[in-house]
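A.B. asks: I'm passing along coords_25.txt; it holds compact mmCIF, C-alpha atoms.
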# COMPACT_ATOMS: atom_id res chain seq x y z
CA VAL A 914 119.66 104.47 77.01
CA LYS A 915 119.78 103.64 73.32
CA GLY A 916 119.23 106.84 71.37
CA GLY A 917 120.10 108.94 74.43
CA GLU A 918 116.55 109.92 75.37
CA ILE A 919 113.66 108.41 77.30
CA PRO A 920 110.53 109.03 75.17
CA TYR A 921 108.16 110.41 77.82
CA GLN A 922 104.68 111.60 77.03
CA GLU A 923 104.30 115.36 77.61
CA TRP A 924 102.64 115.04 81.03
CA ALA A 925 105.26 112.51 82.15
CA VAL A 926 108.18 114.89 81.48
CA GLU A 927 106.73 117.20 84.12
CA GLN A 928 106.29 114.32 86.58
CA GLN A 929 109.88 113.17 86.05
CA GLN A 930 111.12 116.71 86.75
CA ARG A 931 109.08 116.89 89.97
CA ASN A 932 110.45 113.48 91.00
CA GLU A 933 114.02 114.60 90.36
CA GLN A 934 113.56 117.81 92.36
CA ASP A 935 112.27 115.88 95.39
CA GLN A 936 114.35 112.72 94.87
CA ILE A 937 115.39 112.28 98.51
CA ALA A 938 111.78 112.17 99.68
CA LEU A 939 110.31 110.26 96.74
CA ASP A 940 112.89 107.78 95.39
CA PRO A 941 111.95 104.26 96.55
CA GLU A 942 115.66 103.46 97.00
CA THR A 943 115.99 106.11 99.72
CA LYS A 944 113.24 104.26 101.60
CA CYS A 945 115.04 100.89 101.18
CA PHE A 946 112.29 99.46 98.98
CA MET A 947 113.14 96.76 96.43
CA PRO A 948 114.43 98.53 93.31
CA GLY A 949 112.38 96.79 90.60
CA VAL A 950 113.42 95.68 87.14
CA PRO A 951 115.64 96.71 85.41
CA ARG A 952 117.08 99.00 88.14
CA ALA A 953 118.22 96.14 90.39
CA THR A 954 120.49 94.93 87.57
CA TYR A 955 122.50 98.16 87.25
CA MET A 956 122.69 99.25 90.87
CA PRO A 957 126.24 99.21 92.30
CA GLN A 958 125.50 96.05 94.28
CA PRO A 959 126.38 92.49 93.27
CA PHE A 960 123.86 89.80 92.40
CA GLN A 961 124.02 86.09 91.73
CA ILE A 962 122.12 83.99 89.18
CA PHE A 963 121.11 80.40 89.94
CA GLN A 964 119.56 78.09 87.34
CA ALA A 965 117.36 75.04 87.87
CA ALA A 966 115.24 73.11 85.36
CA GLU A 967 111.98 74.97 86.07
CA HIS A 968 113.24 78.42 87.03
CA VAL A 969 116.11 80.86 87.39
CA VAL A 970 116.62 82.72 90.66
CA ILE A 971 118.41 86.06 90.84
CA ALA A 972 119.60 87.01 94.33
CA TYR A 973 120.45 90.72 94.62
CA GLN A 974 122.50 92.07 97.51
CA TYR A 975 120.53 95.33 97.66
CA ALA A 976 117.66 94.95 100.15
CA ASN A 977 118.23 91.16 100.15
CA THR A 978 115.99 90.99 97.10
CA VAL A 979 115.29 87.67 95.38
CA ARG A 980 113.52 87.27 92.05
CA THR A 981 112.23 84.04 90.51
CA VAL A 982 112.10 83.72 86.72
CA TYR A 983 109.67 80.93 85.82
CA LEU A 984 110.72 78.87 82.80
CA GLU A 985 107.45 76.97 82.56
CA ASP A 986 103.93 78.37 82.19
CA SER A 987 103.17 79.81 85.59
CA GLY A 988 99.82 81.29 84.65
CA PRO A 989 98.85 84.91 85.17
CA ALA A 990 100.43 86.95 87.94
CA PRO A 991 98.36 86.72 91.13
CA THR A 992 99.09 90.37 92.07
CA SER A 993 101.68 93.09 91.52
CA PHE A 994 105.18 92.72 92.97
CA TRP A 995 108.12 95.04 93.69
CA MET A 996 110.27 92.95 91.32
CA GLY A 997 107.45 92.09 88.93
CA TRP A 998 106.28 88.72 87.61
CA SER A 999 109.07 87.19 85.53
CA VAL A 1000 108.54 84.49 82.90
CA GLY A 1001 111.55 83.39 80.87
CA ARG A 1002 112.40 81.32 77.83
CA TRP A 1003 115.56 80.35 76.02
CA GLU A 1004 116.28 81.65 72.51
CA GLY A 1005 119.46 79.75 71.72
CA ASP A 1006 121.89 80.71 74.49
CA THR A 1007 120.00 83.92 75.36
CA LEU A 1008 117.67 84.00 78.36
CA VAL A 1009 114.70 86.21 77.47
CA VAL A 1010 112.58 87.34 80.43
CA GLU A 1011 109.21 89.09 80.22
CA VAL A 1012 108.57 91.10 83.40
CA THR A 1013 105.04 92.34 84.11
CA ASN A 1014 102.93 93.24 87.15
CA GLN A 1015 105.60 95.42 88.70
CA LYS A 1016 104.49 97.97 91.28
CA ALA A 1017 104.40 101.50 89.90
CA ASP A 1018 106.30 102.58 93.03
CA THR A 1019 109.70 101.58 91.60
CA TRP A 1020 111.85 104.00 89.62
CA PHE A 1021 114.53 103.46 86.99
CA ASP A 1022 117.14 105.64 88.74
CA ARG A 1023 117.84 108.49 91.15
CA ALA A 1024 116.95 111.06 88.47
CA GLY A 1025 113.22 110.41 88.99
CA ASN A 1026 112.65 108.37 85.84
CA PHE A 1027 109.49 106.39 86.49
CA HIS A 1028 106.80 104.15 85.03
CA SER A 1029 103.20 103.12 85.66
CA GLU A 1030 101.62 99.81 86.60
CA GLN A 1031 101.47 99.05 82.84
CA LEU A 1032 105.25 98.61 82.62
CA ARG A 1033 106.48 95.63 80.63
CA VAL A 1034 110.22 94.92 80.57
CA THR A 1035 111.75 92.41 78.16
CA GLU A 1036 115.20 91.44 79.36
CA ARG A 1037 117.83 89.58 77.34
CA TYR A 1038 120.85 87.96 79.00
CA THR A 1039 123.35 86.80 76.35
CA PRO A 1040 126.76 85.24 77.12
CA MET A 1041 129.68 87.17 75.62
CA GLY A 1042 132.39 84.95 77.09
CA PRO A 1043 133.00 82.87 80.21
CA ASN A 1044 132.93 85.90 82.53
CA HIS A 1045 130.45 88.37 81.15
CA LEU A 1046 126.94 88.74 79.75
CA HIS A 1047 125.37 91.29 77.46
CA TYR A 1048 122.25 92.68 79.16
CA GLU A 1049 119.50 94.41 77.23
CA ALA A 1050 116.13 95.60 78.50
CA THR A 1051 113.30 96.95 76.37
CA ILE A 1052 110.85 99.08 78.32
CA GLU A 1053 107.23 99.45 77.26
CA ASP A 1054 104.60 101.49 79.10
CA PRO A 1055 101.93 103.09 76.90
CA LYS A 1056 100.62 105.10 79.87
CA VAL A 1057 103.96 106.94 80.31
CA PHE A 1058 106.08 106.62 77.13
CA THR A 1059 105.38 107.43 73.48
CA ARG A 1060 107.17 104.29 72.28
CA PRO A 1061 109.26 101.39 73.60
CA TRP A 1062 112.88 102.18 74.46
CA SER A 1063 115.93 100.13 75.42
CA ILE A 1064 119.03 100.07 77.56
CA SER A 1065 122.03 97.75 77.23
CA PHE A 1066 125.36 97.18 78.93
CA PRO A 1067 127.75 94.35 79.84
CA LEU A 1068 127.52 92.47 83.13
CA TYR A 1069 130.85 91.24 84.50
CA ARG A 1070 131.44 88.27 86.76
CA ARG A 1071 133.38 89.16 89.89
CA LEU A 1072 136.55 87.05 89.83
CA GLU A 1073 138.00 87.75 93.28
CA GLU A 1074 138.44 84.64 95.38
CA GLY A 1075 135.71 84.22 97.99
CA ILE A 1076 133.36 86.78 96.45
CA GLU A 1077 129.77 86.37 97.58
CA VAL A 1078 126.49 88.22 97.84
CA LEU A 1079 126.29 89.45 101.41
CA GLU A 1080 123.44 90.36 103.71
CA PHE A 1081 122.51 94.00 103.15
CA LYS A 1082 121.05 96.22 105.84
CA CYS A 1083 119.64 99.34 104.25
CA GLY A 1084 119.20 102.51 106.29
CA PRO A 1085 116.63 104.95 104.89
CA PHE A 1086 118.20 108.28 103.89
Could you rewrite the structure in this file as structure tokens?

C.D. replies:
Amino acid sequence: VKGGEIPYQEWAVEQQQRNEQDQIALDPETKCFMPGVPRATYMPQPFQIFQAAEHVVIAYQYANTVRTVYLEDSGPAPTSFWMGWSVGRWEGDTLVVEVTNQKADTWFDRAGNFHSEQLRVTERYTPMGPNHLHYEATIEDPKVFTRPWSISFPLYRRLEEGIEVLEFKCGPF
């Protein structure tokens, strides 16, 4: 987290603490639910990115989750989704993805950090070389946070021969 702190509103600090205390019962990951965005990107599970002319597909190993990033106007989201409604555009060689309409049931991590249905995530995938990307996500949720905040980290391509995203059978904790 850039700046080292998630800027929760006062009421939300208390909710995060309750979530953390009862993490096993409340964390959507322990129930094998799709992790949401940006959590799916930093879980210790591989994912693969596929690009076509009209969209980008991200296939995550965890919970066999697949997310479509529309590169053309797809209109408003028809409903809320576990992985949100993703619309992308290119800014030079950076893929910028606006994610909205994500279910409020997803969390950011096992520490109980959460959001509301008003969450908006702006992701930026920027090449840093042939085998890694710089990932940045700006999180906005006026219902839960006092201001937007960001995370960033490198994403590394797995270089082992025969590496692939496998089928994942999750067992609830």

A.B. asks: If we count all atoms listed in the file and set the cut-off at 12 Å, which residues sit around Trp1020 in chain A, ignoring sequence neighbours fewer than 3 positions away in its own chain? Please answer as an mmCIF file with C-alpha atoms, in the frame of the given file.

C.D. replies:
data_model
loop_
_atom_site.group_PDB
_atom_site.id
_atom_site.type_symbol
_atom_site.label_atom_id
_atom_site.label_comp_id
_atom_site.auth_asym_id
_atom_site.auth_seq_id
_atom_site.Cartn_x
_atom_site.Cartn_y
_atom_site.Cartn_z
ATOM 1 C CA GLN A 929 109.880 113.170 86.050
ATOM 2 C CA ASN A 932 110.450 113.480 91.000
ATOM 3 C CA GLU A 933 114.020 114.600 90.360
ATOM 4 C CA GLN A 936 114.350 112.720 94.870
ATOM 5 C CA LEU A 939 110.310 110.260 96.740
ATOM 6 C CA ASP A 940 112.890 107.780 95.390
ATOM 7 C CA PRO A 941 111.950 104.260 96.550
ATOM 8 C CA GLU A 942 115.660 103.460 97.000
ATOM 9 C CA THR A 943 115.990 106.110 99.720
ATOM 10 C CA PHE A 946 112.290 99.460 98.980
ATOM 11 C CA MET A 947 113.140 96.760 96.430
ATOM 12 C CA PRO A 948 114.430 98.530 93.310
ATOM 13 C CA GLY A 949 112.380 96.790 90.600
ATOM 14 C CA VAL A 950 113.420 95.680 87.140
ATOM 15 C CA PRO A 951 115.640 96.710 85.410
ATOM 16 C CA ARG A 952 117.080 99.000 88.140
ATOM 17 C CA ALA A 953 118.220 96.140 90.390
ATOM 18 C CA MET A 956 122.690 99.250 90.870
ATOM 19 C CA TRP A 995 108.120 95.040 93.690
ATOM 20 C CA MET A 996 110.270 92.950 91.320
ATOM 21 C CA GLN A 1015 105.600 95.420 88.700
ATOM 22 C CA LYS A 1016 104.490 97.970 91.280
ATOM 23 C CA ALA A 1017 104.400 101.500 89.900
ATOM 24 C CA ARG A 1023 117.840 108.490 91.150
ATOM 25 C CA ALA A 1024 116.950 111.060 88.470
ATOM 26 C CA GLY A 1025 113.220 110.410 88.990
ATOM 27 C CA ASN A 1026 112.650 108.370 85.840
ATOM 28 C CA PHE A 1027 109.490 106.390 86.490
ATOM 29 C CA HIS A 1028 106.800 104.150 85.030
ATOM 30 C CA SER A 1029 103.200 103.120 85.660
ATOM 31 C CA GLU A 1030 101.620 99.810 86.600
ATOM 32 C CA LEU A 1032 105.250 98.610 82.620
#

A.B. asks: Can you pull out the residues contacting Asp1054 in chain A? Cut-off 10 Å, using only C-alpha atoms, and skip same-chain residues under 2 positions away; I want them as a list in words.

C.D. replies: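 Result of the neighbour search: Tyr921, His1028, Ser1029, Glu1030, Gln1031, Leu1032, Arg1033, Val1034, Ile1052, Lys1056, Val1057, Phe1058, Thr1059, Arg1060, Pro1061 and Trp1062 of chain A.
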
A.B. asks: What's around range 962-977 of chain A at 6 Å? Count all atoms listed in the file, leave out sequence neighbours fewer than 5 positions away in its own chain, and write the answer as a PyMOL selection string.

C.D. replies: chain A and resi 982-984+1078+1081

A.B. asks: Do you have the CA of Glu1074 in chain A-CA of Cys945 in chain A distance handy?

C.D. replies: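 Computing the Euclidean distance for CA of Glu1074 in chain A and CA of Cys945 in chain A yields 29.1 Å.
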
A.B. asks: With distances taken over only C-alpha atoms, which of A:Ser999, A:Pro1055, A:Lys944, A:Glu1011 is nearest to Pro1085 in chain A?

C.D. replies: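 Between A:Ser999, A:Pro1055, A:Lys944, A:Glu1011, the residue approaching Pro1085 in chain A most closely is A:Lys944.
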
A.B. asks: In Å, rounded to a single decimal, give me how far CA of Arg980 in chain A is from CA of Phe1066 in chain A.

C.D. replies: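 Those two atoms sit 20.3 Å apart.
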
A.B. asks: Could you please determine the separation between CA of Asp1018 in chain A and CA of Gln928 in chain A in Å, to one decimal place?

C.D. replies: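 Between these atoms lies a distance of 13.4 Å.
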
A.B. asks: Under the rule that all atoms listed in the file are counted, which of A:Pro959, A:Asn1014, A:Gln930, A:Asp935 is the nearest residue to Ala990 in chain A?

C.D. replies: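 Checking each of A:Pro959, A:Asn1014, A:Gln930, A:Asp935 against Ala990 in chain A, counting all atoms listed in the file, the winner is A:Asn1014.
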
A.B. asks: Give as a list in words the set of residues within 12 Å of the point (127.2, 87.0, 76.7), where distances use the file's coordinates and all atoms listed in the file.

C.D. replies: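 Selection result: Gly1005, Asp1006, Thr1007, Leu1008, Arg1037, Tyr1038, Thr1039, Pro1040, Met1041, Gly1042, Pro1043, Asn1044, His1045, Leu1046, His1047, Tyr1048, Glu1049, Ser1065, Phe1066, Pro1067, Leu1068, Tyr1069 and Arg1070 of chain A.
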
A.B. asks: Determine the nearest neighbour of Cys1083 in chain A from the options A:Ser993, A:Asp986, A:Trp1003, A:Thr978, counting all atoms listed in the file.

C.D. replies: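 Under the stated criterion, the closest residue is A:Thr978.
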